[in-house]
$ cat data.cif   # mmCIF, C-alpha atoms and all ligand atoms
data_start
loop_
_atom_site.group_PDB
_atom_site.id
_atom_site.type_symbol
_atom_site.label_atom_id
_atom_site.label_comp_id
_atom_site.auth_asym_id
_atom_site.auth_seq_id
_atom_site.Cartn_x
_atom_site.Cartn_y
_atom_site.Cartn_z
ATOM 1 C CA MET A 10 125.468 175.117 90.634
ATOM 2 C CA LYS A 11 121.713 175.413 91.148
ATOM 3 C CA PHE A 12 119.855 173.147 93.566
ATOM 4 C CA GLY A 13 116.540 171.469 92.938
ATOM 5 C CA ILE A 14 114.157 168.693 93.864
ATOM 6 C CA TYR A 15 111.939 166.299 91.928
ATOM 7 C CA TYR A 16 108.246 166.918 92.676
ATOM 8 C CA ALA A 17 107.520 163.184 93.215
ATOM 9 C CA TYR A 18 108.966 163.328 96.750
ATOM 10 C CA TRP A 19 105.510 164.426 97.866
ATOM 11 C CA GLU A 20 103.396 162.431 95.392
ATOM 12 C CA LYS A 21 102.136 158.864 95.091
ATOM 13 C CA GLU A 22 101.129 159.120 91.423
ATOM 14 C CA TRP A 23 103.215 160.359 88.478
ATOM 15 C CA GLY A 24 102.128 163.599 86.887
ATOM 16 C CA GLY A 25 99.566 165.946 88.327
ATOM 17 C CA ASP A 26 99.717 169.665 88.976
ATOM 18 C CA CYS A 27 103.218 170.971 89.691
ATOM 19 C CA VAL A 28 102.267 174.639 89.968
ATOM 20 C CA PRO A 29 101.843 174.611 93.795
ATOM 21 C CA TYR A 30 105.287 173.023 94.179
ATOM 22 C CA ILE A 31 107.005 176.026 92.627
ATOM 23 C CA LYS A 32 106.087 178.338 95.505
ATOM 24 C CA LYS A 33 106.578 175.610 98.108
ATOM 25 C CA CYS A 34 110.070 174.690 96.879
ATOM 26 C CA SER A 35 111.108 178.309 96.572
ATOM 27 C CA LYS A 36 110.162 178.793 100.241
ATOM 28 C CA LEU A 37 112.098 175.647 101.205
ATOM 29 C CA GLY A 38 115.290 177.079 99.678
ATOM 30 C CA PHE A 39 115.416 175.416 96.256
ATOM 31 C CA ASP A 40 116.410 177.140 92.992
ATOM 32 C CA VAL A 41 114.957 174.495 90.663
ATOM 33 C CA LEU A 42 111.859 172.291 90.513
ATOM 34 C CA GLU A 43 112.099 169.176 88.367
ATOM 35 C CA VAL A 44 108.725 168.306 86.859
ATOM 36 C CA PRO A 45 107.438 165.146 85.109
ATOM 37 C CA CYS A 46 107.051 165.401 81.322
ATOM 38 C CA GLY A 47 105.287 162.046 80.824
ATOM 39 C CA ASP A 48 101.804 163.557 81.100
ATOM 40 C CA PHE A 49 102.432 166.775 79.158
ATOM 41 C CA HIS A 50 100.289 165.425 76.287
ATOM 42 C CA THR A 51 97.245 165.411 78.604
ATOM 43 C CA LYS A 52 97.606 169.057 79.616
ATOM 44 C CA PRO A 53 96.401 172.272 77.946
ATOM 45 C CA GLU A 54 98.772 175.020 76.832
ATOM 46 C CA SER A 55 97.499 177.224 79.666
ATOM 47 C CA TYR A 56 99.151 174.877 82.183
ATOM 48 C CA PHE A 57 102.607 175.442 80.678
ATOM 49 C CA LYS A 58 102.162 179.196 80.522
ATOM 50 C CA GLU A 59 101.126 179.127 84.174
ATOM 51 C CA LEU A 60 104.216 177.050 85.089
ATOM 52 C CA LYS A 61 106.411 179.640 83.392
ATOM 53 C CA ASN A 62 104.672 182.639 84.952
ATOM 54 C CA ILE A 63 104.653 181.241 88.491
ATOM 55 C CA ALA A 64 108.293 180.108 88.197
ATOM 56 C CA GLU A 65 109.357 183.560 87.036
ATOM 57 C CA ALA A 66 107.357 185.201 89.811
ATOM 58 C CA HIS A 67 109.222 183.137 92.413
ATOM 59 C CA GLY A 68 112.643 183.263 90.763
ATOM 60 C CA MET A 69 112.552 179.500 90.224
ATOM 61 C CA LEU A 70 113.985 177.448 87.359
ATOM 62 C CA LEU A 71 112.280 174.335 85.972
ATOM 63 C CA SER A 72 113.802 171.129 84.614
ATOM 64 C CA GLY A 73 112.079 168.077 83.161
ATOM 65 C CA GLY A 74 112.237 164.388 83.983
ATOM 66 C CA TYR A 75 110.869 161.385 82.117
ATOM 67 C CA GLY A 76 111.190 157.620 82.484
ATOM 68 C CA PRO A 77 109.871 156.718 79.026
ATOM 69 C CA ARG A 78 106.943 154.326 78.864
ATOM 70 C CA PRO A 79 107.492 151.251 76.620
ATOM 71 C CA GLU A 80 105.591 152.950 73.757
ATOM 72 C CA HIS A 81 108.229 155.712 73.743
ATOM 73 C CA ASN A 82 111.247 153.411 73.556
ATOM 74 C CA LEU A 83 113.707 154.841 71.004
ATOM 75 C CA ALA A 84 115.548 151.510 70.933
ATOM 76 C CA SER A 85 112.480 149.556 69.817
ATOM 77 C CA THR A 86 112.642 147.252 66.769
ATOM 78 C CA ASP A 87 109.166 148.519 65.838
ATOM 79 C CA ASN A 88 109.548 151.496 63.481
ATOM 80 C CA ALA A 89 105.922 152.556 63.903
ATOM 81 C CA LEU A 90 106.438 152.733 67.647
ATOM 82 C CA VAL A 91 109.553 154.878 67.239
ATOM 83 C CA GLU A 92 107.704 157.235 64.855
ATOM 84 C CA ASN A 93 104.999 157.553 67.481
ATOM 85 C CA ALA A 94 107.633 158.281 70.133
ATOM 86 C CA PHE A 95 108.996 161.134 67.986
ATOM 87 C CA LYS A 96 105.453 162.559 67.778
ATOM 88 C CA PHE A 97 105.112 162.329 71.553
ATOM 89 C CA TYR A 98 108.451 164.072 72.128
ATOM 90 C CA ALA A 99 107.641 166.782 69.555
ATOM 91 C CA ASP A 100 104.631 167.725 71.691
ATOM 92 C CA VAL A 101 106.675 167.510 74.915
ATOM 93 C CA PHE A 102 109.404 169.797 73.505
ATOM 94 C CA ASN A 103 106.820 172.362 72.379
ATOM 95 C CA LYS A 104 105.305 172.446 75.840
ATOM 96 C CA MET A 105 108.688 172.511 77.567
ATOM 97 C CA GLU A 106 109.588 175.612 75.606
ATOM 98 C CA MET A 107 106.244 177.177 76.563
ATOM 99 C CA ALA A 108 107.037 176.501 80.239
ATOM 100 C CA GLY A 109 110.622 177.728 79.928
ATOM 101 C CA ILE A 110 112.129 174.272 80.553
ATOM 102 C CA ASP A 111 115.461 173.857 78.743
ATOM 103 C CA ARG A 112 116.552 170.375 79.813
ATOM 104 C CA ILE A 113 115.024 166.919 80.286
ATOM 105 C CA GLY A 114 116.671 163.901 81.885
ATOM 106 C CA GLY A 115 116.015 160.199 82.374
ATOM 107 C CA ALA A 116 116.377 156.936 80.463
ATOM 108 C CA LEU A 117 115.409 158.743 77.246
ATOM 109 C CA TYR A 118 117.603 156.299 75.284
ATOM 110 C CA SER A 119 115.388 153.343 76.272
ATOM 111 C CA TYR A 120 112.334 152.866 78.507
ATOM 112 C CA TRP A 121 111.641 152.504 82.213
ATOM 113 C CA PRO A 122 111.339 150.433 84.256
ATOM 114 C CA VAL A 123 112.639 147.694 81.955
ATOM 115 C CA ASP A 124 110.739 144.411 81.727
ATOM 116 C CA PHE A 125 113.783 142.130 81.679
ATOM 117 C CA ALA A 126 111.637 139.016 81.142
ATOM 118 C CA SER A 127 110.672 140.303 77.673
ATOM 119 C CA GLY A 128 114.279 139.856 76.489
ATOM 120 C CA PHE A 129 116.591 142.311 74.714
ATOM 121 C CA ASP A 130 119.695 142.642 72.573
ATOM 122 C CA LYS A 131 121.876 145.283 74.229
ATOM 123 C CA LYS A 132 124.211 145.860 71.282
ATOM 124 C CA ALA A 133 121.531 146.123 68.587
ATOM 125 C CA ASP A 134 119.217 148.156 70.854
ATOM 126 C CA THR A 135 122.020 150.601 71.651
ATOM 127 C CA GLU A 136 122.843 151.097 67.953
ATOM 128 C CA ARG A 137 119.192 151.817 67.126
ATOM 129 C CA SER A 138 118.911 154.106 70.128
ATOM 130 C CA ILE A 139 121.962 156.146 69.099
ATOM 131 C CA LYS A 140 120.638 156.537 65.548
ATOM 132 C CA ASN A 141 117.216 157.685 66.787
ATOM 133 C CA MET A 142 118.707 159.911 69.509
ATOM 134 C CA ARG A 143 120.464 161.957 66.808
ATOM 135 C CA ILE A 144 117.062 162.690 65.280
ATOM 136 C CA LEU A 145 115.537 163.492 68.685
ATOM 137 C CA ALA A 146 118.488 165.764 69.498
ATOM 138 C CA ASP A 147 117.876 167.881 66.385
ATOM 139 C CA MET A 148 114.171 168.109 67.250
ATOM 140 C CA ALA A 149 115.080 169.228 70.799
ATOM 141 C CA ALA A 150 117.673 171.725 69.537
ATOM 142 C CA ASP A 151 114.929 173.573 67.647
ATOM 143 C CA HIS A 152 113.439 174.371 71.067
ATOM 144 C CA GLY A 153 116.743 175.088 72.824
ATOM 145 C CA ILE A 154 116.433 171.864 74.806
ATOM 146 C CA THR A 155 119.217 169.611 76.132
ATOM 147 C CA LEU A 156 118.644 165.862 76.536
ATOM 148 C CA CYS A 157 120.317 164.193 79.529
ATOM 149 C CA MET A 158 120.963 160.438 79.426
ATOM 150 C CA GLU A 159 120.614 159.100 82.964
ATOM 151 C CA SER A 160 122.778 156.139 83.937
ATOM 152 C CA LEU A 161 120.575 153.679 85.863
ATOM 153 C CA ASN A 162 121.303 150.681 88.063
ATOM 154 C CA ARG A 163 121.060 147.158 86.622
ATOM 155 C CA PHE A 164 117.636 146.484 88.153
ATOM 156 C CA GLU A 165 115.999 149.347 86.235
ATOM 157 C CA GLY A 166 117.863 149.449 82.934
ATOM 158 C CA TYR A 167 120.421 147.590 80.822
ATOM 159 C CA MET A 168 121.750 150.052 78.234
ATOM 160 C CA ILE A 169 123.650 152.506 80.467
ATOM 161 C CA ASN A 170 124.585 151.299 83.967
ATOM 162 C CA GLU A 171 127.969 152.992 84.465
ATOM 163 C CA ALA A 172 129.393 156.436 83.764
ATOM 164 C CA TYR A 173 131.752 155.118 81.069
ATOM 165 C CA GLU A 174 128.803 153.641 79.157
ATOM 166 C CA ASP A 175 127.020 156.969 79.484
ATOM 167 C CA VAL A 176 129.986 158.905 78.121
ATOM 168 C CA ASP A 177 130.446 156.361 75.296
ATOM 169 C CA TYR A 178 126.782 156.703 74.346
ATOM 170 C CA VAL A 179 126.879 160.501 74.389
ATOM 171 C CA LYS A 180 130.058 160.573 72.304
ATOM 172 C CA ALA A 181 128.520 158.151 69.800
ATOM 173 C CA VAL A 182 125.436 160.362 69.401
ATOM 174 C CA ASP A 183 127.774 163.336 68.989
ATOM 175 C CA LYS A 184 125.258 166.168 69.351
ATOM 176 C CA PRO A 185 125.997 169.234 71.495
ATOM 177 C CA ASN A 186 122.607 169.052 73.232
ATOM 178 C CA VAL A 187 122.914 165.397 74.289
ATOM 179 C CA LYS A 188 124.619 165.077 77.675
ATOM 180 C CA SER A 189 125.273 162.442 80.290
ATOM 181 C CA MET A 190 123.499 162.335 83.632
ATOM 182 C CA LEU A 191 124.457 160.702 86.917
ATOM 183 C CA ASP A 192 122.493 159.852 90.056
ATOM 184 C CA THR A 193 124.232 158.975 93.333
ATOM 185 C CA PHE A 194 121.572 156.351 94.136
ATOM 186 C CA HIS A 195 122.364 154.419 90.959
ATOM 187 C CA MET A 196 126.124 155.068 91.152
ATOM 188 C CA ASN A 197 126.197 153.708 94.697
ATOM 189 C CA ILE A 198 125.137 150.327 93.276
ATOM 190 C CA GLU A 199 127.214 150.214 90.094
ATOM 191 C CA GLU A 200 130.384 152.308 90.298
ATOM 192 C CA ASP A 201 133.742 151.286 91.811
ATOM 193 C CA SER A 202 134.155 154.931 92.751
ATOM 194 C CA ILE A 203 131.455 157.605 92.666
ATOM 195 C CA ILE A 204 134.212 160.223 92.509
ATOM 196 C CA ASP A 205 135.949 158.644 89.501
ATOM 197 C CA ALA A 206 132.568 158.261 87.783
ATOM 198 C CA ILE A 207 131.944 162.006 88.158
ATOM 199 C CA ARG A 208 135.445 162.772 86.841
ATOM 200 C CA LEU A 209 134.734 160.626 83.776
ATOM 201 C CA THR A 210 131.816 162.881 82.813
ATOM 202 C CA LYS A 211 133.887 166.061 82.668
ATOM 203 C CA GLY A 212 132.559 168.078 79.749
ATOM 204 C CA THR A 213 129.526 165.838 79.148
ATOM 205 C CA LEU A 214 127.624 166.036 82.461
ATOM 206 C CA GLY A 215 124.241 167.662 81.880
ATOM 207 C CA ASN A 216 122.294 166.906 85.069
ATOM 208 C CA PHE A 217 123.128 165.436 88.450
ATOM 209 C CA HIS A 218 120.678 163.652 90.748
ATOM 210 C CA VAL A 219 121.433 163.237 94.430
ATOM 211 C CA GLY A 220 119.964 160.919 97.023
ATOM 212 C CA GLU A 221 121.123 158.654 99.800
ATOM 213 C CA ALA A 222 121.664 154.941 99.139
ATOM 214 C CA ASN A 223 118.048 154.377 100.276
ATOM 215 C CA ARG A 224 116.807 157.447 98.388
ATOM 216 C CA LYS A 225 116.333 159.615 101.473
ATOM 217 C CA CYS A 226 117.204 163.319 101.309
ATOM 218 C CA PRO A 227 120.982 163.896 101.410
ATOM 219 C CA GLY A 228 122.325 164.823 104.822
ATOM 220 C CA PRO A 229 125.359 164.679 107.082
ATOM 221 C CA GLY A 230 126.654 161.450 108.636
ATOM 222 C CA SER A 231 125.440 159.242 105.776
ATOM 223 C CA ARG A 232 127.219 156.515 103.791
ATOM 224 C CA MET A 233 127.610 159.024 100.924
ATOM 225 C CA ASN A 234 130.646 161.262 101.129
ATOM 226 C CA TRP A 235 128.831 164.441 100.101
ATOM 227 C CA GLU A 236 131.901 166.612 100.601
ATOM 228 C CA ALA A 237 133.951 164.497 98.194
ATOM 229 C CA ILE A 238 131.052 164.403 95.707
ATOM 230 C CA GLY A 239 130.762 168.202 95.823
ATOM 231 C CA ASP A 240 134.519 168.556 95.388
ATOM 232 C CA ALA A 241 134.478 166.246 92.344
ATOM 233 C CA LEU A 242 131.701 168.295 90.717
ATOM 234 C CA LYS A 243 133.700 171.480 91.321
ATOM 235 C CA GLU A 244 136.868 169.791 90.030
ATOM 236 C CA ILE A 245 135.251 168.998 86.654
ATOM 237 C CA GLY A 246 133.839 172.520 86.463
ATOM 238 C CA TYR A 247 130.222 171.378 86.659
ATOM 239 C CA ASP A 248 127.923 174.391 86.770
ATOM 240 C CA GLY A 249 124.560 172.729 86.108
ATOM 241 C CA TYR A 250 121.719 171.563 88.302
ATOM 242 C CA VAL A 251 122.005 169.328 91.372
ATOM 243 C CA ILE A 252 118.551 167.818 91.788
ATOM 244 C CA MET A 253 117.640 165.740 94.815
ATOM 245 C CA GLU A 254 115.289 162.904 94.024
ATOM 246 C CA PRO A 255 114.098 161.505 97.344
ATOM 247 C CA PHE A 256 111.518 158.722 97.452
ATOM 248 C CA VAL A 257 110.364 157.813 100.963
ATOM 249 C CA ARG A 258 106.604 157.281 100.776
ATOM 250 C CA MET A 259 104.830 153.983 100.129
ATOM 251 C CA GLY A 260 101.875 153.527 97.839
ATOM 252 C CA GLY A 261 100.523 154.426 94.437
ATOM 253 C CA LYS A 262 102.285 153.953 91.119
ATOM 254 C CA VAL A 263 105.278 155.951 92.381
ATOM 255 C CA GLY A 264 105.792 153.595 95.341
ATOM 256 C CA GLN A 265 105.358 150.580 93.039
ATOM 257 C CA ASP A 266 107.736 151.770 90.272
ATOM 258 C CA ILE A 267 110.368 152.822 92.836
ATOM 259 C CA SER A 268 109.978 149.537 94.819
ATOM 260 C CA ILE A 269 109.102 151.069 98.166
ATOM 261 C CA TRP A 270 107.773 148.168 100.212
ATOM 262 C CA ARG A 271 108.006 149.780 103.661
ATOM 263 C CA ASP A 272 107.360 153.279 104.926
ATOM 264 C CA ILE A 273 110.849 154.756 104.670
ATOM 265 C CA SER A 274 109.486 158.102 105.904
ATOM 266 C CA LYS A 275 108.386 156.446 109.187
ATOM 267 C CA GLY A 276 104.991 158.052 109.002
ATOM 268 C CA ALA A 277 106.301 161.557 108.297
ATOM 269 C CA THR A 278 103.690 164.264 107.794
ATOM 270 C CA ILE A 279 103.899 166.591 104.792
ATOM 271 C CA GLU A 280 105.294 169.248 107.148
ATOM 272 C CA GLU A 281 108.018 166.841 108.285
ATOM 273 C CA LEU A 282 108.840 165.967 104.651
ATOM 274 C CA ASP A 283 109.116 169.701 103.970
ATOM 275 C CA ARG A 284 111.548 170.198 106.890
ATOM 276 C CA ASP A 285 113.720 167.268 105.714
ATOM 277 C CA ALA A 286 113.932 168.718 102.194
ATOM 278 C CA GLU A 287 114.643 172.196 103.553
ATOM 279 C CA ASN A 288 117.447 170.952 105.800
ATOM 280 C CA SER A 289 118.864 168.833 102.980
ATOM 281 C CA VAL A 290 119.109 171.626 100.423
ATOM 282 C CA LYS A 291 120.632 173.922 103.049
ATOM 283 C CA TYR A 292 123.236 171.249 103.775
ATOM 284 C CA LEU A 293 124.008 170.624 100.081
ATOM 285 C CA LYS A 294 124.376 174.328 99.353
ATOM 286 C CA GLU A 295 126.882 174.625 102.190
ATOM 287 C CA ILE A 296 128.856 171.542 101.164
ATOM 288 C CA PHE A 297 128.805 171.934 97.353
ATOM 289 C CA ARG A 298 129.524 175.669 97.097
HETATM 290 MN MN MN A 301 117.507 159.892 89.083
#
$ encode --input "data.cif" --output "structure tokens"
Amino acid sequence: MKFGIYYAYWEKEWGGDCVPYIKKCSKLGFDVLEVPCGDFHTKPESYFKELKNIAEAHGMLLSGGYGPRPEHNLASTDNALVENAFKFYADVFNKMEMAGIDRIGGALYSYWPVDFASGFDKKADTERSIKNMRILADMAADHGITLCMESLNRFEGYMINEAYEDVDYVKAVDKPNVKSMLDTFHMNIEEDSIIDAIRLTKGTLGNFHVGEANRKCPGPGSRMNWEAIGDALKEIGYDGYVIMEPFVRMGGKVGQDISIWRDISKGATIEELDRDAENSVKYLKEIFR
């Protein structure tokens, strides 16, 4: 297993320049940096070449994350919108390959965060999503990219809330580069057993997000049984990325989308955030290996 972190831990706005985080995260003990793909269309090719060069220089791997905006919803009833989403992803996949990023995870099957008031038809949406995901999978395969379908809690999505729904979706798409993806924060809300949920994804798990129930960095003495979670991942033979996705800072679009209405970091400085992440990845590497 390789251990990573999502850049947004330090940021209040989505996107931005991830290059400085490569060196920083390498120094903190990470193997992987997960970067946002939602703003790739705004960036020049030179940015992606720089990501690749700096990552290689520091022995770091890169993975991609995206919570699709409504205009990139593959389950939409609007064909023109879906065509536009394919165009957006075609550009993203090109740039991912340029940067040496071979996997992207998130609610790629739908959009995020869902506006539940706008109404939806889960069954029909899921059928459309599966049909369109097959097309997206072939586009991604041309660039050597794997698509990871992240199971989200009920307050952020409706199509895939539990591991069994994730596995069902992935099996229905039936493409080798479409995988399931779990996140302990979401599982903590929805699953009877986090361990059984992990077991269910044997053979289909493509990315694994970790975080405490309140999205702090994983650590000892928490409500999550990290030892049992690590054992379950080993039991199913998971050899992919374990990416921590802490969100502890208020403010900006990140704080708003993640629903952070108090300062979970308790006024932590950037240096203190760094130490927390460093201690957390050290702990996970000890427990999961
Ligand atoms: Mn996640």
$ residues_near_ligand --input "data.cif" --ligand "ligand MN 301 (chain A)" --cutoff "9 Å" --atoms "all atoms listed in the file" --output "count of residues only"
20
$ atom_distance --input "data.cif" --atom1 "CA of Gly47 (chain A)" --atom2 "CA of Gly128 (chain A)"
24.3 Å
$ closest_residue --input "data.cif" --among "A:Met107, A:Ala94, A:Glu80, A:Glu22" --to "Glu59 (chain A)" --atoms "all atoms listed in the file"
A:Met107
$ atom_distance --input "data.cif" --atom1 "CA of His81 (chain A)" --atom2 "CA of Leu156 (chain A)"
14.8 Å
$ resolve_selection --input "data.cif" --expression "the PyMOL selection byres (((chain A and resi 26) around 10) and not hetatm)" --output "number ranges by chain"
A: 16, 23-25, 27-30, 44-45, 52, 56, 60
